[in-house]
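One structure is given below, encoded as structure tokens.
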Amino acid sequence: MQKRLTIILFFIVSFAYAQKKPLDHTVYDTWESVGTKQLSNNGQWAMYGVLQQEGDAQLYLSNLKTNTKITVPRGINPQFSNDSKFAAFNIRPFNKDIRQAKIKKKKADEMPKDSLGIANLTTATVTKVARVKSYKFPEEGFGVMAYLLDKLDTAKNAAKPVDKKDGNEDFADEPAGKAKTEEGTDLIVKNLTTGVDKTYKYVTDYAFSKDGKQLVFACSGSKKDKTAAQGVFLLNTEKGTLKTLIKGKGSFKGFTFDEENEHLAFVGEQSPEKQEIKDWNVYYTSPTIDTAQIIVDFDMPGLPAKWSVSGDGKVTFSKDGKKLFFGIAPVKKAKDTTIVDFEVAKVDIWNYKDDYLQPMQLRNVERDSKKSYLSVIDVYSSDPKVIPLTDVKLPDASIIAEGDANFVLASTDFGRRVEAQWSGSTAKDYYLVDTKNGQRKKIIENLNGFASASPAGNYVLYFDRKTANWYTYAISTGKVTNLKEGSKVKFVEEDNDVPDFASPYGVATWTEDDKAVLIYDRYDIWSFSPDGKSAAKNITNGFGRENKITFRYERVIPETRLERNVDTKFVKANELVWLDGFNNDTKESGFYRKNVGSVKAPDLVVMAKVKYSDLLKAKDADVYIYDKASYVASPNVYVTTDFKTETKLTNTNPQQQNYNWGTAELVKWTTPKGYSSEGILYKPENFDPNKKYPMIVYFYEKLSDGLYTYHAPAPTPSRLNISFFVSNGYLVFAPDISYENGHPGQSAVEYINSGVESLKKNNWVDGSKIGIQGQSWGGYQVAYLITENNMYAAAWAGAPVVNMTSAYGGIRWESGMNRQFQYEKTQSRIGATLWEKPELYIENSPLFKFPKVNTPVVVMANDADGAVPWYQGIEMFTGLRRLGKPVWMLNYNGEAHNLVQRQNRKDIQIREQQFFDYYLKGAKAPAWMTSGVPATEKGKSWGFELTDDKP
């Protein structure tokens, strides 16, 4: 009877699987993912988005106490008000309307615009406003918000009276007419309590004080309305009074209030409109000043000759309000208007003495033209002058202790920049620069690493990659302390396998008043006294290393705009914090609690066979929101107070149950040299051990930590669409790879091929039908593997390097950097120059072994690839073609290293399936593989039709 019941159950399950269909290429657009998620400060409301790949998003607001839910179709960019009574969000146009506008080639101003939604959380109602460019809540204030219309629509706004109780008549309504794009638009200031709106015309920029009691905005005026207001204005949002800070035409931006919400500073210029190089100034005002005053201009004492205030620099007050930081820059040269464009040469001059290669300079022209240099002024000085803190030779600086410290931490790699060509990075010198007089004190020299100031400003913490040690520099005494001295614990990557110094695991946080700094090793967290007077303490008590669990500090209240001044840079001495835990053996993840002042093992809260997102907490309540997923379970949003119970808020992708999905399992094996390795094996949901399955091997460095990662069926940039192929009856194997310096190709053979051979021992793997797929570094390894033997029936190489000798001196056009560093120091792992070890470059270049290739291969090489020169793909194609090998190349015009345009992503998915189906399943070949697509048919035919011909 038991046997009969088992047979019946087997057939029931088999029948259920049989009803499920494989994924096809039509499922992508509406497949869902979790978008932004957040909690109101009081923890009563959760707001979260569910996105579609190419459809209309949904935003949800859930009352966690009453279960009331507000659904906002197409809602994005949400934000709660500080008092948790309101929420706002943009509402995107329908995807179909955007598509039609693109088809009709509408101009940017004519495209469908976002609307604004304002949710009243008390009444659970939503008010919508059309054509809104941006909106803002005050950071800590409440009862008011402001939003800027995307474009003046006078027909709709003419009926709205402007509140003139403030006595300012400058804000009369504009006559009907089309607004110029260079002019500002309507700013609406809404009293959320009374519902009363005030409208201000032609606004270009605006900002609240932190408490929301003041709102500053700039008005451009209008050429069609000579009476329209121009200048900068300050609104008292409580009293409704308006102060004119600057009257007249100009450009003003970078508004910033001090910590007390009383003093205001910004940059602006009122130069003639036709003047190319504008004369920027720093403006300042306070409650005792009726208008904004120029506090820094072009002839301010202390300003270097031929330098001026930068309009692109950030303006900020010190926390105590005594100092004002801003940017300065060399005065730019105006264009020579006498030059006739067609009569002059266009040439890039490469000079070996240049700090940066010309491609890198050209790539960064816009950024460099806006580069500003940090300076400061004493706001209350009776004899104010500019104190330059940085310059061209010392360009970078960070403010210490929110500006209250007497120093800033500045750094430079000046004189060492050329070496980035082969090292990928440069060593730096670090200085303390006095904010009172600009004097510089070098504290760290030639550091291959990085440095930062402690939150309270007592120390500079730095890591030296050469010594693999952490150090502190005491600002008051100049004492340097080696935090790791006497310890055998490694705080750098233990499994580093590139020919460069190992990187550190990082810093968790500091404790209050700089009493201790918490630093990671591979598994645990250590507490160091920055003065070195106390021994280091393993605050996770070695529990991480003992159990192969990696602990990392979870910052549950992020520094969002609403919480900018909540100091999350440190924790209290005995604070109970959250830790993220990842089990390196099982790949499970979860959360722990830990008192940072004790050395007891962390307390487990939850650990599961899922992948958790970051944990977010309500600011003023013990309510948490997160999402979790696994390969089998689509990501969903949850809330909890203790993880003993949790509430599921979403149900994404219910259609998944209709498709043959799959499973993911961890597999382990030993390589020929005796190394232990692991990887992920994906099987179809209807897997039958009595059948033989084709298998595709996909790899990129190490992937096994992603065992519980959800892989949505999506047209990928060029990676393997794992869930799609698994659903369609393939096994997919993702092996981890470790590397031996100088021999990356043979390292791939060692790990990938041995992993495949271990799986081929299973009767359900068809050893004659195995394919490989890789992109970029993975594409290189595909090219290398098919020169070694014929164990693969088909191969797909995306953006591969096949000739290291020619690629070595090339340019990564996306950044403008030379490629030498990646061979000598990073991923390509040769560890020597081309001239020192030419034999290694040849050994690891598949090109030189192409006569051995018998595996059919498709190459993707795009002509706008900014990482790998696309001529590498050409070398592979033309080489194999010359040798009569079956090879195809896809060049997606104007595309990058990884495909960006969705239509191209969809295209490559179809071709990849057709290619592997032909060689691994015996399906018919498509026309693009058999007869090709002639240039005369480009854009007319895609060659997807299946044929009876052979490639």
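Residues are named by chain letter and number: chains run A, B, ... in the order of the structure tokens, numbers start at 1 in each chain, and ligands are numbered from 1 in the order shown.
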Polymer residues at most 12 Å from Ala292 of chain A, only C-alpha atoms, same-chain spacing of 2 or more positions, as a ChimeraX atom specification: /A:216,231-234,243-247,252,255,263-268,281-290,294-296
Determine which residues of segment 517-720 of chain A DSSP labels as strand (DSSP E) from the backbone of this structure, then write them out as a ChimeraX atom specification. /A:517-520,525-528,537-538,549-554,570-571,576-583,589-595,603-608,611-612,616-617,624-629,636-640,646-648,662-670,676-684,693-698
Non-local contacts of Asp495 of chain A (12 Å; only C-alpha atoms; under 2 positions in same chain excluded) as a PDB file with N, CA and C atoms, in the first residue's frame:
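Listing of part.pdb after writing:
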ATOM      1  N   LYS A 490      45.292  38.844  10.487  1.00  0.00           N
ATOM      2  CA  LYS A 490      45.351  39.519   9.203  1.00  0.00           C
ATOM      3  C   LYS A 490      44.092  40.370   9.023  1.00  0.00           C
ATOM      4  N   PHE A 491      44.308  41.618   8.656  1.00  0.00           N
ATOM      5  CA  PHE A 491      43.183  42.506   8.383  1.00  0.00           C
ATOM      6  C   PHE A 491      43.079  42.833   6.897  1.00  0.00           C
ATOM      7  N   VAL A 492      43.769  42.016   6.095  1.00  0.00           N
ATOM      8  CA  VAL A 492      43.703  42.151   4.642  1.00  0.00           C
ATOM      9  C   VAL A 492      43.206  40.834   4.066  1.00  0.00           C
ATOM     10  N   GLU A 493      42.807  40.880   2.807  1.00  0.00           N
ATOM     11  CA  GLU A 493      42.224  39.710   2.155  1.00  0.00           C
ATOM     12  C   GLU A 493      43.162  38.502   2.245  1.00  0.00           C
ATOM     13  N   ASP A 497      44.405  37.019  -4.659  1.00  0.00           N
ATOM     14  CA  ASP A 497      45.037  36.262  -5.742  1.00  0.00           C
ATOM     15  C   ASP A 497      45.345  37.147  -6.948  1.00  0.00           C
ATOM     16  N   VAL A 498      45.658  38.417  -6.679  1.00  0.00           N
ATOM     17  CA  VAL A 498      46.143  39.302  -7.735  1.00  0.00           C
ATOM     18  C   VAL A 498      47.560  39.738  -7.377  1.00  0.00           C
ATOM     19  N   PRO A 499      48.375  40.080  -8.385  1.00  0.00           N
ATOM     20  CA  PRO A 499      49.775  40.435  -8.116  1.00  0.00           C
ATOM     21  C   PRO A 499      49.918  41.860  -7.596  1.00  0.00           C
ATOM     22  N   PHE A 501      49.306  44.366  -3.655  1.00  0.00           N
ATOM     23  CA  PHE A 501      49.085  44.311  -2.222  1.00  0.00           C
ATOM     24  C   PHE A 501      47.621  43.980  -1.931  1.00  0.00           C
ATOM     25  N   ALA A 502      47.404  43.181  -0.900  1.00  0.00           N
ATOM     26  CA  ALA A 502      46.046  42.801  -0.526  1.00  0.00           C
ATOM     27  C   ALA A 502      45.286  44.006   0.020  1.00  0.00           C
ATOM     28  N   SER A 503      43.997  44.029  -0.212  1.00  0.00           N
ATOM     29  CA  SER A 503      43.147  45.116   0.277  1.00  0.00           C
ATOM     30  C   SER A 503      42.624  44.787   1.667  1.00  0.00           C
ATOM     31  N   PRO A 504      42.339  45.813   2.472  1.00  0.00           N
ATOM     32  CA  PRO A 504      41.818  45.558   3.817  1.00  0.00           C
ATOM     33  C   PRO A 504      40.344  45.184   3.782  1.00  0.00           C
ATOM     34  N   TYR A 505      39.881  44.564   4.855  1.00  0.00           N
ATOM     35  CA  TYR A 505      38.456  44.226   4.956  1.00  0.00           C
ATOM     36  C   TYR A 505      37.621  45.446   5.320  1.00  0.00           C
ATOM     37  N   ARG A 522      38.733  38.984   8.422  1.00  0.00           N
ATOM     38  CA  ARG A 522      37.932  38.245   7.451  1.00  0.00           C
ATOM     39  C   ARG A 522      36.555  37.880   8.004  1.00  0.00           C
ATOM     40  N   LYS A 702      34.569  34.509  -8.596  1.00  0.00           N
ATOM     41  CA  LYS A 702      33.892  33.633  -7.641  1.00  0.00           C
ATOM     42  C   LYS A 702      32.411  34.027  -7.538  1.00  0.00           C
ATOM     43  N   ILE A 737      36.719  30.309  -9.190  1.00  0.00           N
ATOM     44  CA  ILE A 737      38.077  30.196  -9.718  1.00  0.00           C
ATOM     45  C   ILE A 737      39.031  30.957  -8.803  1.00  0.00           C
ATOM     46  N   SER A 738      40.128  30.324  -8.436  1.00  0.00           N
ATOM     47  CA  SER A 738      41.223  31.019  -7.765  1.00  0.00           C
ATOM     48  C   SER A 738      42.398  31.037  -8.729  1.00  0.00           C
ATOM     49  N   TYR A 739      43.269  32.031  -8.579  1.00  0.00           N
ATOM     50  CA  TYR A 739      44.276  32.244  -9.611  1.00  0.00           C
ATOM     51  C   TYR A 739      45.704  32.168  -9.079  1.00  0.00           C
ATOM     52  N   GLU A 740      46.568  31.671  -9.946  1.00  0.00           N
ATOM     53  CA  GLU A 740      47.998  31.696  -9.702  1.00  0.00           C
ATOM     54  C   GLU A 740      48.578  32.839 -10.515  1.00  0.00           C
TER      55      GLU A 740
END
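Atom pair atom CA of Thr426 of chain A / atom CA of Ser845 of chain A has a distance of 28.2 Å (rounded to one decimal).
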At what distance in Å, to one decimal, does atom CA of Lys572 of chain A lie from atom CA of Val408 of chain A? 24.8 Å
Min atom-atom distance to Lys906 of chain A from the set A:Lys201, A:Lys587, A:His25, A:Lys274, counting only C-alpha atoms, belongs to A:His25
Judged by only C-alpha atoms, the minimum distance to Ala124 of chain A among A:Ser529, A:Asn63, A:Thr30, A:Ser589 is found for A:Asn63
I'd like to know which of A:Leu920, A:Ser423, A:Tyr462, A:Val596 is closest to Arg819 of chain A, using only C-alpha atoms. A:Ser423
When you look at Arg363 of chain A with a cut-off of 10 Å (counting only C-alpha atoms), what residues show up, excluding the ones that are within fewer than 5 positions of it in the same chain? I need them as an mmCIF file with C-alpha atoms, in the first residue's frame.
data_model
loop_
_atom_site.group_PDB
_atom_site.id
_atom_site.type_symbol
_atom_site.label_atom_id
_atom_site.label_comp_id
_atom_site.auth_asym_id
_atom_site.auth_seq_id
_atom_site.Cartn_x
_atom_site.Cartn_y
_atom_site.Cartn_z
ATOM 1 C CA LEU A 357 47.161 60.550 -20.666
ATOM 2 C CA GLN A 358 45.327 62.643 -23.242
ATOM 3 C CA ASP A 368 38.103 69.256 -14.611
ATOM 4 C CA TRP A 813 38.189 54.537 -23.332
ATOM 5 C CA GLU A 814 35.495 54.733 -20.695
ATOM 6 C CA SER A 815 37.999 56.178 -18.214
ATOM 7 C CA GLY A 816 40.845 57.135 -20.540
ATOM 8 C CA MET A 817 43.286 54.995 -18.524
#
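A straight line drawn from atom CA of Leu604 of chain A to atom CA of Arg545 of chain A is 15.4 Å long.
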Could you tell me, as an NGL selection string, which residues of segment 534-652 of chain A DSSP assigns to helix (DSSP H, G or I) when given the backbone? :A and (543-547 or 561-563)
Write out, as a PDB file, in the first residue's frame, the residues just selected, with C-alpha atoms.
ATOM      1  CA  PHE A 543      32.800  33.405  16.890  1.00  0.00           C
ATOM      2  CA  GLY A 544      33.008  34.451  13.257  1.00  0.00           C
ATOM      3  CA  ARG A 545      36.253  32.667  12.457  1.00  0.00           C
ATOM      4  CA  GLU A 546      35.288  29.616  14.484  1.00  0.00           C
ATOM      5  CA  ASN A 547      32.026  29.216  12.556  1.00  0.00           C
ATOM      6  CA  ARG A 561      18.571  63.708   3.173  1.00  0.00           C
ATOM      7  CA  LEU A 562      16.102  63.715   6.037  1.00  0.00           C
ATOM      8  CA  GLU A 563      18.760  62.502   8.457  1.00  0.00           C
TER       9      GLU A 563
END
